[in-house]
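Chemist: Have a peek at run_17.cif (mmCIF, C-alpha atoms).
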```cif
data_final
#
loop_
_atom_site.label_atom_id
_atom_site.label_comp_id
_atom_site.auth_asym_id
_atom_site.auth_seq_id
_atom_site.Cartn_x
_atom_site.Cartn_y
_atom_site.Cartn_z
CA MET A 1 -45.67 -47.33 -81.51
CA ASP A 2 -45.85 -50.68 -79.74
CA VAL A 3 -42.75 -52.09 -78.03
CA LEU A 4 -42.44 -55.26 -75.97
CA GLY A 5 -41.47 -54.73 -72.34
CA ILE A 6 -40.05 -57.63 -70.33
CA ASP A 7 -39.48 -57.36 -66.58
CA ILE A 8 -37.15 -59.96 -65.01
CA GLY A 9 -37.72 -60.09 -61.26
CA GLY A 10 -36.56 -62.20 -58.38
CA SER A 11 -39.84 -64.12 -58.24
CA GLY A 12 -41.46 -63.65 -61.66
CA ILE A 13 -40.80 -62.65 -65.27
CA LYS A 14 -43.51 -60.49 -66.83
CA ALA A 15 -44.04 -59.19 -70.38
CA ALA A 16 -46.53 -57.15 -72.37
CA PRO A 17 -46.55 -54.98 -75.51
CA VAL A 18 -46.68 -51.29 -74.62
CA ASP A 19 -47.95 -48.24 -76.49
CA VAL A 20 -45.00 -46.03 -75.64
CA ALA A 21 -46.95 -42.86 -76.43
CA SER A 22 -49.45 -43.52 -73.63
CA GLY A 23 -47.65 -46.03 -71.39
CA SER A 24 -50.55 -48.47 -71.64
CA PHE A 25 -50.51 -52.16 -72.49
CA THR A 26 -51.91 -53.12 -75.88
CA ALA A 27 -52.39 -56.79 -74.94
CA PRO A 28 -52.72 -58.63 -71.62
CA ARG A 29 -49.61 -59.13 -69.51
CA VAL A 30 -48.14 -62.63 -69.37
CA LYS A 31 -46.07 -63.93 -66.46
CA VAL A 32 -44.03 -67.00 -65.54
CA PRO A 33 -42.19 -67.82 -62.30
CA THR A 34 -38.49 -66.98 -62.22
CA PRO A 35 -36.63 -70.30 -62.59
CA ARG A 36 -34.66 -71.64 -59.63
CA PRO A 37 -31.75 -71.75 -59.71
CA ALA A 38 -31.94 -68.49 -61.67
CA LYS A 39 -28.94 -69.16 -63.91
CA PRO A 40 -28.53 -67.42 -67.27
CA ALA A 41 -29.59 -70.40 -69.41
CA ALA A 42 -32.79 -70.91 -67.42
CA ILE A 43 -33.74 -67.22 -67.48
CA VAL A 44 -33.00 -66.99 -71.20
CA ASP A 45 -35.25 -69.98 -71.88
CA ALA A 46 -38.06 -68.39 -69.86
CA VAL A 47 -37.72 -65.10 -71.75
CA LYS A 48 -37.68 -66.93 -75.09
CA GLY A 49 -40.86 -68.71 -74.08
CA LEU A 50 -42.63 -65.45 -73.24
CA VAL A 51 -41.58 -63.86 -76.52
CA ALA A 52 -42.83 -66.92 -78.41
CA ASP A 53 -46.13 -66.96 -76.49
CA ILE A 54 -46.74 -63.32 -77.37
CA GLY A 55 -45.57 -63.86 -80.94
CA TRP A 56 -43.36 -60.77 -80.85
CA SER A 57 -40.89 -59.80 -83.58
CA GLY A 58 -40.31 -56.07 -83.05
CA PRO A 59 -38.14 -54.02 -80.69
CA ALA A 60 -38.06 -54.94 -77.01
CA GLY A 61 -36.74 -53.71 -73.69
CA ILE A 62 -35.74 -55.90 -70.76
CA THR A 63 -35.21 -55.10 -67.11
CA PHE A 64 -32.75 -56.90 -64.86
CA PRO A 65 -32.64 -56.93 -61.02
CA GLY A 66 -29.08 -55.66 -60.67
CA VAL A 67 -26.53 -53.18 -61.99
CA VAL A 68 -26.41 -53.05 -65.79
CA THR A 69 -23.72 -51.12 -67.65
CA GLY A 70 -23.30 -51.27 -71.41
CA GLY A 71 -25.58 -54.30 -71.55
CA VAL A 72 -23.41 -56.23 -69.05
CA THR A 73 -24.93 -57.37 -65.74
CA LEU A 74 -22.53 -56.56 -62.87
CA THR A 75 -24.59 -57.69 -59.86
CA ALA A 76 -27.38 -60.23 -59.34
CA ALA A 77 -28.34 -60.23 -55.66
CA ASN A 78 -31.70 -61.96 -56.17
CA LEU A 79 -30.72 -64.17 -59.11
CA ASP A 80 -27.77 -66.56 -59.54
CA PRO A 81 -24.23 -65.11 -59.23
CA ALA A 82 -23.44 -66.69 -62.61
CA TRP A 83 -25.03 -63.54 -64.09
CA VAL A 84 -22.17 -61.33 -62.87
CA GLY A 85 -20.09 -60.17 -65.84
CA VAL A 86 -22.46 -61.55 -68.49
CA ASP A 87 -23.19 -59.54 -71.65
CA ALA A 88 -26.89 -60.03 -71.03
CA GLN A 89 -27.98 -57.77 -73.85
CA ALA A 90 -26.06 -59.80 -76.44
CA LEU A 91 -27.11 -63.12 -74.86
CA LEU A 92 -30.82 -62.31 -74.80
CA SER A 93 -30.75 -60.69 -78.22
CA ARG A 94 -29.21 -63.80 -79.79
CA ALA A 95 -31.64 -66.10 -78.00
CA THR A 96 -34.79 -64.18 -78.91
CA GLY A 97 -33.74 -62.78 -82.27
CA LEU A 98 -34.91 -59.36 -81.10
CA ASP A 99 -33.29 -55.94 -81.21
CA LEU A 100 -33.40 -55.08 -77.52
CA ALA A 101 -32.12 -52.84 -74.75
CA ILE A 102 -31.55 -53.87 -71.12
CA LEU A 103 -31.44 -51.82 -67.92
CA ASN A 104 -31.81 -52.05 -64.15
CA ASP A 105 -35.35 -52.96 -63.15
CA ALA A 106 -35.93 -50.15 -60.66
CA ASP A 107 -34.50 -47.62 -63.10
CA ALA A 108 -37.04 -48.82 -65.66
CA ALA A 109 -39.89 -48.51 -63.17
CA GLY A 110 -38.72 -45.04 -62.22
CA LEU A 111 -38.58 -43.85 -65.83
CA ALA A 112 -42.16 -45.01 -66.33
CA GLU A 113 -43.41 -43.32 -63.16
CA MET A 114 -41.64 -40.06 -64.03
CA LYS A 115 -43.22 -40.06 -67.50
CA PHE A 116 -46.69 -41.48 -66.94
CA GLY A 117 -47.20 -41.92 -63.20
CA ALA A 118 -46.70 -40.41 -59.77
CA GLY A 119 -43.54 -38.52 -60.75
CA ALA A 120 -44.91 -36.82 -63.86
CA GLY A 121 -44.01 -33.12 -63.78
CA GLU A 122 -42.01 -33.45 -60.54
CA ARG A 123 -38.76 -31.50 -60.26
CA GLY A 124 -36.12 -31.56 -57.55
CA THR A 125 -34.93 -34.89 -56.17
CA VAL A 126 -37.23 -37.89 -56.54
CA LEU A 127 -36.41 -41.36 -55.22
CA MET A 128 -38.42 -44.30 -56.55
CA LEU A 129 -38.22 -47.41 -54.37
CA THR A 130 -39.61 -50.79 -55.41
CA PHE A 131 -40.43 -53.22 -52.60
CA GLY A 132 -40.60 -56.87 -53.64
CA THR A 133 -38.12 -59.75 -53.42
CA GLY A 134 -35.57 -57.02 -52.70
CA ILE A 135 -35.60 -53.22 -52.67
CA GLY A 136 -34.82 -51.46 -55.94
CA SER A 137 -34.05 -47.76 -56.25
CA ALA A 138 -34.14 -45.13 -58.98
CA LEU A 139 -32.87 -41.63 -58.26
CA PHE A 140 -33.90 -38.59 -60.31
CA SER A 141 -32.61 -35.03 -60.20
CA ASP A 142 -34.88 -32.60 -62.04
CA GLY A 143 -36.19 -35.50 -64.09
CA ARG A 144 -32.79 -36.94 -65.00
CA LEU A 145 -32.00 -40.51 -63.93
CA VAL A 146 -28.87 -41.34 -61.94
CA PRO A 147 -28.63 -45.04 -62.94
CA ASN A 148 -27.79 -48.15 -60.92
CA THR A 149 -28.03 -46.68 -57.44
CA GLU A 150 -28.88 -50.02 -55.72
CA PHE A 151 -29.83 -48.31 -52.45
CA GLY A 152 -31.59 -51.48 -51.32
CA HIS A 153 -28.18 -52.76 -50.23
CA ILE A 154 -27.24 -50.02 -47.79
CA GLU A 155 -26.55 -51.38 -44.32
CA ILE A 156 -29.05 -50.92 -41.51
CA ASN A 157 -28.42 -52.59 -38.15
CA GLY A 158 -25.73 -54.76 -39.71
CA LYS A 159 -27.91 -56.08 -42.54
CA ASP A 160 -28.76 -55.20 -46.13
CA ALA A 161 -31.77 -52.90 -45.99
CA GLU A 162 -33.76 -55.29 -48.17
CA GLU A 163 -33.19 -58.11 -45.67
CA ARG A 164 -35.18 -56.04 -43.16
CA ALA A 165 -37.62 -53.96 -45.17
CA SER A 166 -38.45 -55.70 -48.47
CA GLU A 167 -41.88 -57.21 -49.07
CA ARG A 168 -40.21 -60.63 -48.95
CA ALA A 169 -38.89 -59.82 -45.45
CA ARG A 170 -42.41 -58.82 -44.35
CA GLU A 171 -43.80 -62.13 -45.56
CA GLU A 172 -40.96 -64.35 -44.33
CA HIS A 173 -41.00 -62.85 -40.84
CA ASN A 174 -44.80 -62.56 -40.71
CA LEU A 175 -44.55 -58.88 -39.80
CA SER A 176 -47.66 -56.86 -39.08
CA TRP A 177 -48.25 -53.84 -41.29
CA ALA A 178 -47.31 -51.57 -38.39
CA LYS A 179 -44.08 -53.45 -37.65
CA TRP A 180 -43.09 -53.51 -41.31
CA ALA A 181 -43.98 -49.83 -41.77
CA GLY A 182 -41.64 -49.04 -38.90
CA ARG A 183 -38.79 -50.76 -40.73
CA VAL A 184 -39.67 -49.00 -43.99
CA ALA A 185 -39.80 -45.63 -42.22
CA GLU A 186 -36.38 -46.31 -40.70
CA TYR A 187 -35.06 -47.10 -44.19
CA LEU A 188 -36.62 -43.96 -45.69
CA GLY A 189 -35.05 -41.92 -42.91
CA ARG A 190 -31.64 -43.32 -43.79
CA MET A 191 -32.21 -42.44 -47.44
CA GLU A 192 -33.26 -38.92 -46.46
CA SER A 193 -29.96 -38.45 -44.67
CA LEU A 194 -28.10 -39.50 -47.84
CA VAL A 195 -29.90 -37.84 -50.76
CA TRP A 196 -32.59 -35.55 -49.23
CA PRO A 197 -35.38 -36.34 -51.69
CA ASP A 198 -38.39 -34.10 -52.12
CA LEU A 199 -40.54 -37.09 -53.01
CA PHE A 200 -40.51 -40.84 -52.41
CA ILE A 201 -42.45 -43.01 -54.87
CA ILE A 202 -43.20 -46.47 -53.46
CA GLY A 203 -43.48 -49.09 -56.20
CA GLY A 204 -43.67 -52.82 -56.70
CA GLY A 205 -46.73 -54.98 -56.17
CA ILE A 206 -47.01 -53.74 -52.58
CA SER A 207 -48.00 -50.29 -53.91
CA ARG A 208 -51.50 -51.64 -54.56
CA ARG A 209 -51.87 -51.96 -50.79
CA ALA A 210 -50.41 -48.55 -49.99
CA ASP A 211 -53.36 -47.69 -47.77
CA ARG A 212 -52.20 -50.40 -45.36
CA PHE A 213 -48.77 -48.92 -44.64
CA VAL A 214 -48.15 -45.44 -46.14
CA PRO A 215 -50.25 -43.72 -43.42
CA LEU A 216 -48.04 -45.49 -40.84
CA LEU A 217 -44.76 -44.07 -42.18
CA THR A 218 -44.06 -41.56 -39.44
CA GLY A 219 -41.04 -39.30 -39.10
CA VAL A 220 -40.43 -38.98 -42.84
CA ARG A 221 -39.83 -35.42 -44.04
CA ALA A 222 -40.44 -35.93 -47.78
CA ARG A 223 -43.78 -36.65 -49.40
CA VAL A 224 -44.46 -40.38 -49.84
CA VAL A 225 -46.83 -41.56 -52.58
CA PRO A 226 -47.60 -44.96 -54.14
CA ALA A 227 -46.60 -45.67 -57.73
CA ALA A 228 -49.45 -45.03 -60.15
CA LEU A 229 -48.42 -47.87 -62.47
CA HIS A 230 -47.94 -50.30 -59.58
CA ASN A 231 -46.07 -53.46 -60.61
CA ASP A 232 -46.46 -52.72 -64.35
CA ALA A 233 -44.01 -49.81 -64.25
CA GLY A 234 -40.98 -51.97 -65.06
CA ILE A 235 -42.54 -53.30 -68.24
CA VAL A 236 -43.47 -49.78 -69.38
CA GLY A 237 -40.01 -48.40 -68.58
CA ALA A 238 -38.33 -51.26 -70.41
CA ALA A 239 -40.33 -50.49 -73.53
CA MET A 240 -39.53 -46.76 -73.23
CA THR A 241 -35.81 -47.54 -73.01
CA ALA A 242 -35.91 -49.70 -76.13
CA VAL A 243 -37.31 -46.74 -78.07
CA ALA A 244 -34.69 -44.37 -76.65
CA ALA A 245 -31.93 -46.79 -77.69
CA THR A 246 -32.98 -46.88 -81.35
#
```
Do you think you could lay out the structure here as structure tokens?
Modeler:
Amino acid sequence: MDVLGIDIGGSGIKAAPVDVASGSFTAPRVKVPTPRPAKPAAIVDAVKGLVADIGWSGPAGITFPGVVTGGVTLTAANLDPAWVGVDAQALLSRATGLDLAILNDADAAGLAEMKFGAGAGERGTVLMLTFGTGIGSALFSDGRLVPNTEFGHIEINGKDAEERASERAREEHNLSWAKWAGRVAEYLGRMESLVWPDLFIIGGGISRRADRFVPLLTGVRARVVPAALHNDAGIVGAAMTAVAAT
């Protein structure tokens, strides 16, 4: 069964049809920059454009970079605050004409990794972390998702963790891989003291360059592995969620 997955991020919006039985794309991924300012009307127009470009008319799943409960977006740290309190599921469904489901972007990526990627078959406590514009988190206990954890916003040295350890922070502050890895290791250590994971899965586009920083993550007790689906995990997880919602 093919389902359209759409991944709304702080810097880009990506979409592709997904074979939900295998987790693979059935057509090339398309991507557009996230509009700035990232207000609801602008994001909706961008999503409509992607759906039209793909020519999609079936079920779809959408990720959102913030807390999502009952289709309503409750936070929007890396988009415009006008998203807070919006029934995003109803808004996007009306705009696209699609039957869709919406969930937190890191939760979607985590679901995909636990089914098809680095977390497949893993029990115990698994924490998926996506490093990009911000830091997203998805927590699993024996394969079951604890949604909307938003651990990227815990405080470290008086700042949101993502202000110090996201990929955006690495680029903006021109950090060396070693310097950035030190900040990531500090963040992972804080997460270990909170939830004691057995496994960290590092996702987002930065996972394709895992060889540059994962070996430098010293002092971390848990295993640390890169995401197998890299930056496509959100799209796959969005499509999986749409199927589960039907």
Chemist: Please provide the set of residues having any atom within 6 Å of Pro59 of chain A, restricted to all atoms listed in the file, with same-chain residues fewer than 5 positions apart removed, written as JSON, numbers by chain.
Modeler: {"A": [3, 99, 100]}
Chemist: On this file, the PyMOL selection byres ((chain A and resi 97) around 10) gives some set of residues; write that set as a count of residues only.
Modeler: 15
Chemist: Could you tell me, as a short mmCIF file (atom, residue, chain, number, x, y, z; two decimals) with C-alpha atoms, keeping the file's coordinate frame, exactly which residues end up selected when the PyMOL selection byres ((chain A and resi 109) around 12) is applied to this structure?
Modeler:
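To be explicit, this is the file written out as out-v6.cif:
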```cif
data_model
loop_
_atom_site.label_atom_id
_atom_site.label_comp_id
_atom_site.auth_asym_id
_atom_site.auth_seq_id
_atom_site.Cartn_x
_atom_site.Cartn_y
_atom_site.Cartn_z
CA GLY A 5 -41.47 -54.73 -72.34
CA ILE A 6 -40.05 -57.63 -70.33
CA ASP A 7 -39.48 -57.36 -66.58
CA ILE A 8 -37.15 -59.96 -65.01
CA GLY A 9 -37.72 -60.09 -61.26
CA GLY A 23 -47.65 -46.03 -71.39
CA ILE A 62 -35.74 -55.90 -70.76
CA THR A 63 -35.21 -55.10 -67.11
CA PHE A 64 -32.75 -56.90 -64.86
CA PRO A 65 -32.64 -56.93 -61.02
CA LEU A 103 -31.44 -51.82 -67.92
CA ASN A 104 -31.81 -52.05 -64.15
CA ASP A 105 -35.35 -52.96 -63.15
CA ALA A 106 -35.93 -50.15 -60.66
CA ASP A 107 -34.50 -47.62 -63.10
CA ALA A 108 -37.04 -48.82 -65.66
CA GLY A 110 -38.72 -45.04 -62.22
CA LEU A 111 -38.58 -43.85 -65.83
CA ALA A 112 -42.16 -45.01 -66.33
CA GLU A 113 -43.41 -43.32 -63.16
CA MET A 114 -41.64 -40.06 -64.03
CA LYS A 115 -43.22 -40.06 -67.50
CA PHE A 116 -46.69 -41.48 -66.94
CA GLY A 117 -47.20 -41.92 -63.20
CA ALA A 118 -46.70 -40.41 -59.77
CA GLY A 119 -43.54 -38.52 -60.75
CA LEU A 127 -36.41 -41.36 -55.22
CA MET A 128 -38.42 -44.30 -56.55
CA LEU A 129 -38.22 -47.41 -54.37
CA THR A 130 -39.61 -50.79 -55.41
CA PHE A 131 -40.43 -53.22 -52.60
CA GLY A 136 -34.82 -51.46 -55.94
CA SER A 137 -34.05 -47.76 -56.25
CA ALA A 138 -34.14 -45.13 -58.98
CA LEU A 139 -32.87 -41.63 -58.26
CA PHE A 140 -33.90 -38.59 -60.31
CA LEU A 145 -32.00 -40.51 -63.93
CA PRO A 147 -28.63 -45.04 -62.94
CA ILE A 201 -42.45 -43.01 -54.87
CA ILE A 202 -43.20 -46.47 -53.46
CA GLY A 203 -43.48 -49.09 -56.20
CA GLY A 204 -43.67 -52.82 -56.70
CA GLY A 205 -46.73 -54.98 -56.17
CA ALA A 227 -46.60 -45.67 -57.73
CA ALA A 228 -49.45 -45.03 -60.15
CA LEU A 229 -48.42 -47.87 -62.47
CA HIS A 230 -47.94 -50.30 -59.58
CA ASN A 231 -46.07 -53.46 -60.61
CA ASP A 232 -46.46 -52.72 -64.35
CA ALA A 233 -44.01 -49.81 -64.25
CA GLY A 234 -40.98 -51.97 -65.06
CA ILE A 235 -42.54 -53.30 -68.24
CA VAL A 236 -43.47 -49.78 -69.38
CA GLY A 237 -40.01 -48.40 -68.58
CA ALA A 238 -38.33 -51.26 -70.41
CA ALA A 239 -40.33 -50.49 -73.53
CA MET A 240 -39.53 -46.76 -73.23
CA THR A 241 -35.81 -47.54 -73.01
#
```
Chemist: Quote the spacing between atom CA of Val224 of chain A and atom CA of Arg190 of chain A in Å to one decimal place.
Modeler: 14.5 Å
Chemist: Counting only C-alpha atoms, which of A:Asp53, A:Tyr187, A:Trp177, A:Ser141 gets nearest to Ile154 of chain A?
Modeler: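 Of the candidates, the smallest distance to Ile154 of chain A is held by A:Tyr187.
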Chemist: Just the residues within 10 Å of Val30 of chain A, please, counting all atoms listed in the file, with nothing from its chain fewer than 4 positions along; format it as a PyMOL selection string.
Modeler: chain A and resi 6+13-17+50-51+53-54
Chemist: Between atom CA of Val126 of chain A and atom CA of Val146 of chain A, what is the distance in Å, rounded to a tenth?
Modeler: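 Distance reported for this atom pair: 10.5 Å.
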Chemist: Which residue, A:Ser193, A:Thr69, A:Asn78, A:Thr34, has the smallest gap to Thr133 of chain A when you use all atoms listed in the file?
Modeler: A:Asn78
